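*Asks:* Enclosed is the structure file start.cif (mmCIF, C-alpha atoms).
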```cif
data_target
#
loop_
_atom_site.label_atom_id
_atom_site.label_comp_id
_atom_site.auth_asym_id
_atom_site.auth_seq_id
_atom_site.Cartn_x
_atom_site.Cartn_y
_atom_site.Cartn_z
CA MET A 1 -16.16 20.95 46.10
CA GLN A 2 -14.92 19.72 49.50
CA LEU A 3 -11.26 18.79 49.59
CA THR A 4 -9.15 16.57 51.80
CA THR A 5 -5.65 15.17 51.38
CA ALA A 6 -4.81 11.77 50.00
CA ASP A 7 -2.91 11.09 53.22
CA GLU A 8 -6.09 11.36 55.31
CA LEU A 9 -7.77 8.69 53.17
CA ARG A 10 -4.81 6.32 52.76
CA GLU A 11 -6.26 3.23 54.46
CA THR A 12 -9.68 3.44 52.85
CA VAL A 13 -8.18 4.24 49.45
CA GLY A 14 -5.81 1.27 49.75
CA ALA A 15 -8.70 -1.11 50.41
CA VAL A 16 -10.78 0.29 47.53
CA VAL A 17 -7.86 0.14 45.09
CA ALA A 18 -6.99 -3.44 46.10
CA ARG A 19 -10.59 -4.62 45.75
CA TRP A 20 -11.23 -3.18 42.31
CA THR A 21 -7.78 -3.88 40.93
CA ALA A 22 -8.32 -7.55 41.76
CA ALA A 23 -11.79 -7.48 40.19
CA ILE A 24 -10.50 -5.87 36.99
CA ARG A 25 -7.58 -8.28 36.72
CA GLY A 26 -10.04 -11.14 37.17
CA LEU A 27 -11.94 -9.86 34.13
CA LEU A 28 -8.92 -8.73 32.09
CA PRO A 29 -5.86 -10.72 33.19
CA GLU A 30 -3.59 -9.04 30.62
CA ALA A 31 -4.55 -5.50 31.66
CA GLU A 32 -2.31 -3.19 33.62
CA VAL A 33 -4.21 -1.37 36.38
CA ILE A 34 -2.73 1.87 37.72
CA HIS A 35 -4.11 3.94 40.60
CA THR A 36 -4.08 7.57 39.41
CA GLY A 37 -5.77 10.77 40.45
CA GLY A 38 -5.48 12.83 43.57
CA THR A 39 -5.79 9.88 45.95
CA SER A 40 -2.73 8.25 44.38
CA LEU A 41 -0.17 10.85 45.50
CA PRO A 42 0.79 11.92 49.03
CA ASN A 43 0.12 15.59 49.87
CA THR A 44 -2.40 15.92 47.06
CA LEU A 45 -5.72 17.63 47.53
CA THR A 46 -8.60 15.44 46.47
CA ARG A 47 -12.37 15.21 46.45
CA GLY A 48 -11.86 11.71 47.80
CA ASP A 49 -12.58 9.83 44.62
CA VAL A 50 -10.51 6.87 43.44
CA ASP A 51 -9.37 6.71 39.81
CA LEU A 52 -8.12 3.52 38.20
CA HIS A 53 -6.45 3.56 34.80
CA VAL A 54 -6.80 0.26 32.94
CA ARG A 55 -4.35 -0.17 30.06
CA VAL A 56 -4.74 -2.86 27.40
CA ALA A 57 -3.13 -3.60 24.05
CA SER A 58 -4.71 -1.64 21.23
CA GLU A 59 -5.94 -4.80 19.52
CA ASP A 60 -7.69 -5.87 22.77
CA PHE A 61 -9.43 -2.56 23.42
CA ALA A 62 -12.87 -3.28 21.91
CA GLN A 63 -13.18 -6.68 23.57
CA SER A 64 -11.92 -5.32 26.90
CA CYS A 65 -14.46 -2.53 26.72
CA ALA A 66 -17.26 -5.04 26.14
CA VAL A 67 -16.08 -7.09 29.13
CA LEU A 68 -15.96 -4.07 31.44
CA GLU A 69 -19.42 -2.94 30.30
CA GLN A 70 -20.84 -6.16 31.73
CA SER A 71 -19.53 -5.37 35.24
CA PHE A 72 -19.32 -1.58 35.48
CA GLU A 73 -21.56 1.34 34.58
CA ALA A 74 -20.64 3.27 31.44
CA TYR A 75 -19.77 6.90 32.16
CA SER A 76 -20.23 9.78 29.72
CA ARG A 77 -20.39 7.59 26.65
CA ALA A 78 -20.30 10.70 24.42
CA MET A 79 -16.61 11.12 25.40
CA TRP A 80 -15.66 7.58 24.34
CA THR A 81 -13.28 7.03 21.44
CA PRO A 82 -11.88 3.88 19.81
CA GLU A 83 -9.09 3.99 22.43
CA PHE A 84 -10.80 5.48 25.51
CA ALA A 85 -13.80 4.52 27.65
CA ALA A 86 -14.86 5.53 31.16
CA PHE A 87 -16.83 3.64 33.80
CA THR A 88 -18.07 4.10 37.36
CA VAL A 89 -18.26 1.55 40.13
CA PRO A 90 -21.69 2.30 41.64
CA GLU A 91 -21.53 -0.51 44.21
CA GLU A 92 -18.44 0.99 45.88
CA ARG A 93 -19.87 2.70 48.97
CA ARG A 94 -16.71 3.92 50.72
CA LEU A 95 -15.34 6.31 48.10
CA PRO A 96 -16.61 7.25 44.63
CA THR A 97 -14.64 5.07 42.22
CA GLY A 98 -14.19 5.30 38.49
CA LEU A 99 -12.01 3.71 35.89
CA VAL A 100 -10.81 4.58 32.44
CA LEU A 101 -9.86 2.03 29.86
CA THR A 102 -7.23 3.07 27.34
CA ALA A 103 -5.37 1.46 24.47
CA ALA A 104 -1.72 1.37 25.55
CA GLY A 105 0.34 3.96 23.69
CA GLY A 106 -2.70 5.90 22.49
CA GLU A 107 -3.35 9.60 23.03
CA HIS A 108 -5.48 9.17 26.16
CA ASP A 109 -3.16 6.54 27.62
CA LEU A 110 -0.18 8.86 27.30
CA ARG A 111 -2.16 11.77 28.73
CA PHE A 112 -3.02 9.82 31.88
CA THR A 113 0.39 8.24 32.42
CA ARG A 114 2.54 11.29 31.60
CA GLY A 115 0.53 13.76 33.66
CA TRP A 116 0.59 11.70 36.83
CA GLU A 117 4.28 10.80 36.39
CA LEU A 118 5.09 14.51 36.18
CA LEU A 119 3.06 15.32 39.28
CA ARG A 120 4.85 12.49 41.13
CA SER A 121 8.30 13.71 40.16
CA ARG A 122 7.95 17.51 40.20
CA PRO A 123 6.78 19.04 43.50
CA GLU A 124 6.23 22.45 41.91
CA LEU A 125 3.67 20.96 39.52
CA LEU A 126 1.90 19.20 42.38
CA ALA A 127 1.76 22.52 44.25
CA GLU A 128 0.27 24.16 41.16
CA TYR A 129 -2.30 21.35 40.85
CA ASN A 130 -3.26 21.74 44.52
CA ALA A 131 -3.62 25.52 44.01
CA LEU A 132 -5.93 24.89 41.05
CA LYS A 133 -8.10 22.68 43.27
CA ARG A 134 -8.13 25.27 46.07
CA ARG A 135 -9.44 27.90 43.63
CA PHE A 136 -12.60 25.85 43.16
CA GLU A 137 -13.04 24.60 46.74
CA GLY A 138 -16.42 25.57 48.13
CA THR A 139 -17.79 26.58 44.73
CA ALA A 140 -20.40 24.89 42.59
CA ASP A 141 -18.46 25.71 39.42
CA ASP A 142 -17.87 22.12 38.32
CA ALA A 143 -17.65 23.08 34.64
CA GLY A 144 -15.01 25.72 35.40
CA TYR A 145 -13.05 23.22 37.46
CA ARG A 146 -13.12 20.61 34.70
CA THR A 147 -12.04 23.18 32.12
CA ALA A 148 -9.13 24.38 34.29
CA LYS A 149 -8.07 20.81 35.11
CA THR A 150 -8.17 19.81 31.42
CA ALA A 151 -6.06 22.85 30.50
CA PHE A 152 -3.56 21.99 33.25
CA PHE A 153 -3.13 18.39 32.05
CA THR A 154 -2.97 19.51 28.41
CA ARG A 155 -0.10 21.82 29.36
CA LEU A 156 1.67 18.94 31.12
CA GLU A 157 1.21 16.73 28.09
CA THR A 158 2.46 19.28 25.58
CA GLY A 159 5.22 20.67 27.79
CA ALA A 160 3.94 24.22 27.25
#
```
Here is a file; write its structure as structure tokens.

*Replies:*
Amino acid sequence: MQLTTADELRETVGAVVARWTAAIRGLLPEAEVIHTGGTSLPNTLTRGDVDLHVRVASEDFAQSCAVLEQSFEAYSRAMWTPEFAAFTVPEERRLPTGLVLTAAGGEHDLRFTRGWELLRSRPELLAEYNALKRRFEGTADDAGYRTAKTAFFTRLETGA
């Protein structure tokens, strides 16, 4: 895993976020689109991928999912739930871009919003997150990284 900082990618990230936020809002005008992930916070180590969190009302989730499936590529469908779906944007050539669709107020929605709010507001947690990423830099242990990252965000969510 090669890391850079969000600051080094700011201009490119801004263009990618603007482009796909506009596209998503064109498809789902009622959706809230939030830039999350490592590229969303200054001084954060990142692989250089852009993450967009798309929030919709619970009653609109299934229809919103169907709409997004027409324009984006489904990602890891086995992980999908009645309130969570993930997609990639294969035509984005500048930076790998993905989006998650969540039902507002649901488990996955709260996990995404709470975790990134905490990292934004608590520098010691951001430092810990960066240290976690550094542990896996230069390794091919993607499964270990995902497990450690999931445990980190679970801890943030539960306050443990």

*Asks:* Translate the PyMOL selection byres ((chain A and resi 90) around 12) into a concrete residue list for this structure, as a PyMOL selection string.

*Replies:* chain A and resi 20+71-75+87-89+91-99

*Asks:* Could you save the residues just selected, with C-alpha atoms, as a PDB file, keeping the file's coordinate frame?

*Replies:*
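The result, written out as part-v3.pdb:
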```pdb
ATOM      1  CA  TRP A  20     -11.230  -3.180  42.310  1.00  0.00           C
ATOM      2  CA  SER A  71     -19.530  -5.370  35.240  1.00  0.00           C
ATOM      3  CA  PHE A  72     -19.320  -1.580  35.480  1.00  0.00           C
ATOM      4  CA  GLU A  73     -21.560   1.340  34.580  1.00  0.00           C
ATOM      5  CA  ALA A  74     -20.640   3.270  31.440  1.00  0.00           C
ATOM      6  CA  TYR A  75     -19.770   6.900  32.160  1.00  0.00           C
ATOM      7  CA  PHE A  87     -16.830   3.640  33.800  1.00  0.00           C
ATOM      8  CA  THR A  88     -18.070   4.100  37.360  1.00  0.00           C
ATOM      9  CA  VAL A  89     -18.260   1.550  40.130  1.00  0.00           C
ATOM     10  CA  GLU A  91     -21.530  -0.510  44.210  1.00  0.00           C
ATOM     11  CA  GLU A  92     -18.440   0.990  45.880  1.00  0.00           C
ATOM     12  CA  ARG A  93     -19.870   2.700  48.970  1.00  0.00           C
ATOM     13  CA  ARG A  94     -16.710   3.920  50.720  1.00  0.00           C
ATOM     14  CA  LEU A  95     -15.340   6.310  48.100  1.00  0.00           C
ATOM     15  CA  PRO A  96     -16.610   7.250  44.630  1.00  0.00           C
ATOM     16  CA  THR A  97     -14.640   5.070  42.220  1.00  0.00           C
ATOM     17  CA  GLY A  98     -14.190   5.300  38.490  1.00  0.00           C
ATOM     18  CA  LEU A  99     -12.010   3.710  35.890  1.00  0.00           C
TER      19      LEU A  99
END
```

*Asks:* Tell me, in Å to one decimal, how far atom CA of Ala127 of chain A is from atom CA of Ala85 of chain A.

*Replies:* 29.0 Å

*Asks:* Taking the file as shown, find all residues satisfying the PyMOL selection byres ((chain A and resi 62) around 12) and write them as a list in words.

*Replies:*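 Against this file, the PyMOL selection byres ((chain A and resi 62) around 12) returns the residues Val56, Ala57, Ser58, Glu59, Asp60, Phe61, Gln63, Ser64, Cys65, Ala66, Val67, Leu68, Glu69, Trp80, Thr81, Pro82, Glu83, Phe84, Ala85, Leu101, Thr102 and Ala103 of chain A.
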
*Asks:* Around segment 36-39 of chain A, fit a box with edges along x, y and z, padding it by 8 Å on each side, then list its centre and edge lengths in Å to one decimal as lines of an AutoDock Vina configuration file.

*Replies:*
```
center_x = -4.9
center_y = 10.2
center_z = 42.7
size_x = 17.7
size_y = 21.3
size_z = 22.5
```

*Asks:* In Å, how far is it from atom CA of Leu41 of chain A to atom CA of Glu11 of chain A?

*Replies:*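 Computing it gives 13.2 Å between the two atoms.
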
*Asks:* Counting all atoms listed in the file, which residue out of A:Thr44, A:Arg77, A:Val50, A:Gly106 sits closest to Leu125 of chain A?

*Replies:* A:Thr44

*Asks:* Between atom CA of Ala86 of chain A and atom CA of Ser121 of chain A, what is the spacing in Å?

*Replies:*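 Calculated distance between atom CA of Ser121 of chain A and atom CA of Ala86 of chain A is 26.2 Å.
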
*Asks:* Pick out the residues sitting within 12 Å of Pro123 of chain A, and hand them over as a list in words; count all atoms listed in the file, and ignore anything fewer than 6 positions along from it in its own chain.

*Replies:* Leu41, Pro42, Asn43, Thr44, Trp116, Glu117, Tyr129 and Asn130 of chain A

*Asks:* Emit the selected residues as a compact mmCIF listing (two decimals), in the coordinates of the input, including C-alpha atoms.

*Replies:*
```
# COMPACT_ATOMS: atom_id res chain seq x y z
CA LEU A 41 -0.17 10.85 45.50
CA PRO A 42 0.79 11.92 49.03
CA ASN A 43 0.12 15.59 49.87
CA THR A 44 -2.40 15.92 47.06
CA TRP A 116 0.59 11.70 36.83
CA GLU A 117 4.28 10.80 36.39
CA TYR A 129 -2.30 21.35 40.85
CA ASN A 130 -3.26 21.74 44.52
```

*Asks:* Using all atoms listed in the file, can you tell me which of A:Ala131, A:Arg146, A:Leu118, A:Arg10 comes closest to Gly48 of chain A?

*Replies:*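 The closest residue to Gly48 of chain A is A:Arg10.
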
*Asks:* Can you list what the PyMOL selection byres ((chain A and resi 25) around 12) grabs from this structure, as a VMD selection string?

*Replies:* chain A and resid 17 to 24 26 to 34 52 54 to 56 64 67 to 68

*Asks:* Counting only C-alpha atoms, write as a list of chain:residue names all protein and nucleic acid residues lying at most 9 Å from (-10.5, 17.1, 50.3) in the file's frame.

*Replies:* A:Met1, A:Gln2, A:Leu3, A:Thr4, A:Thr5, A:Ala6, A:Glu8, A:Thr44, A:Leu45, A:Thr46, A:Arg47, A:Gly48, A:Glu137

*Asks:* Compile the contact shell of Phe136 of chain A as a ChimeraX atom specification: residues with an atom at most 8 Å away, counting all atoms listed in the file, same-chain residues fewer than 4 positions apart removed.

*Replies:* /A:1,132,140-141,145
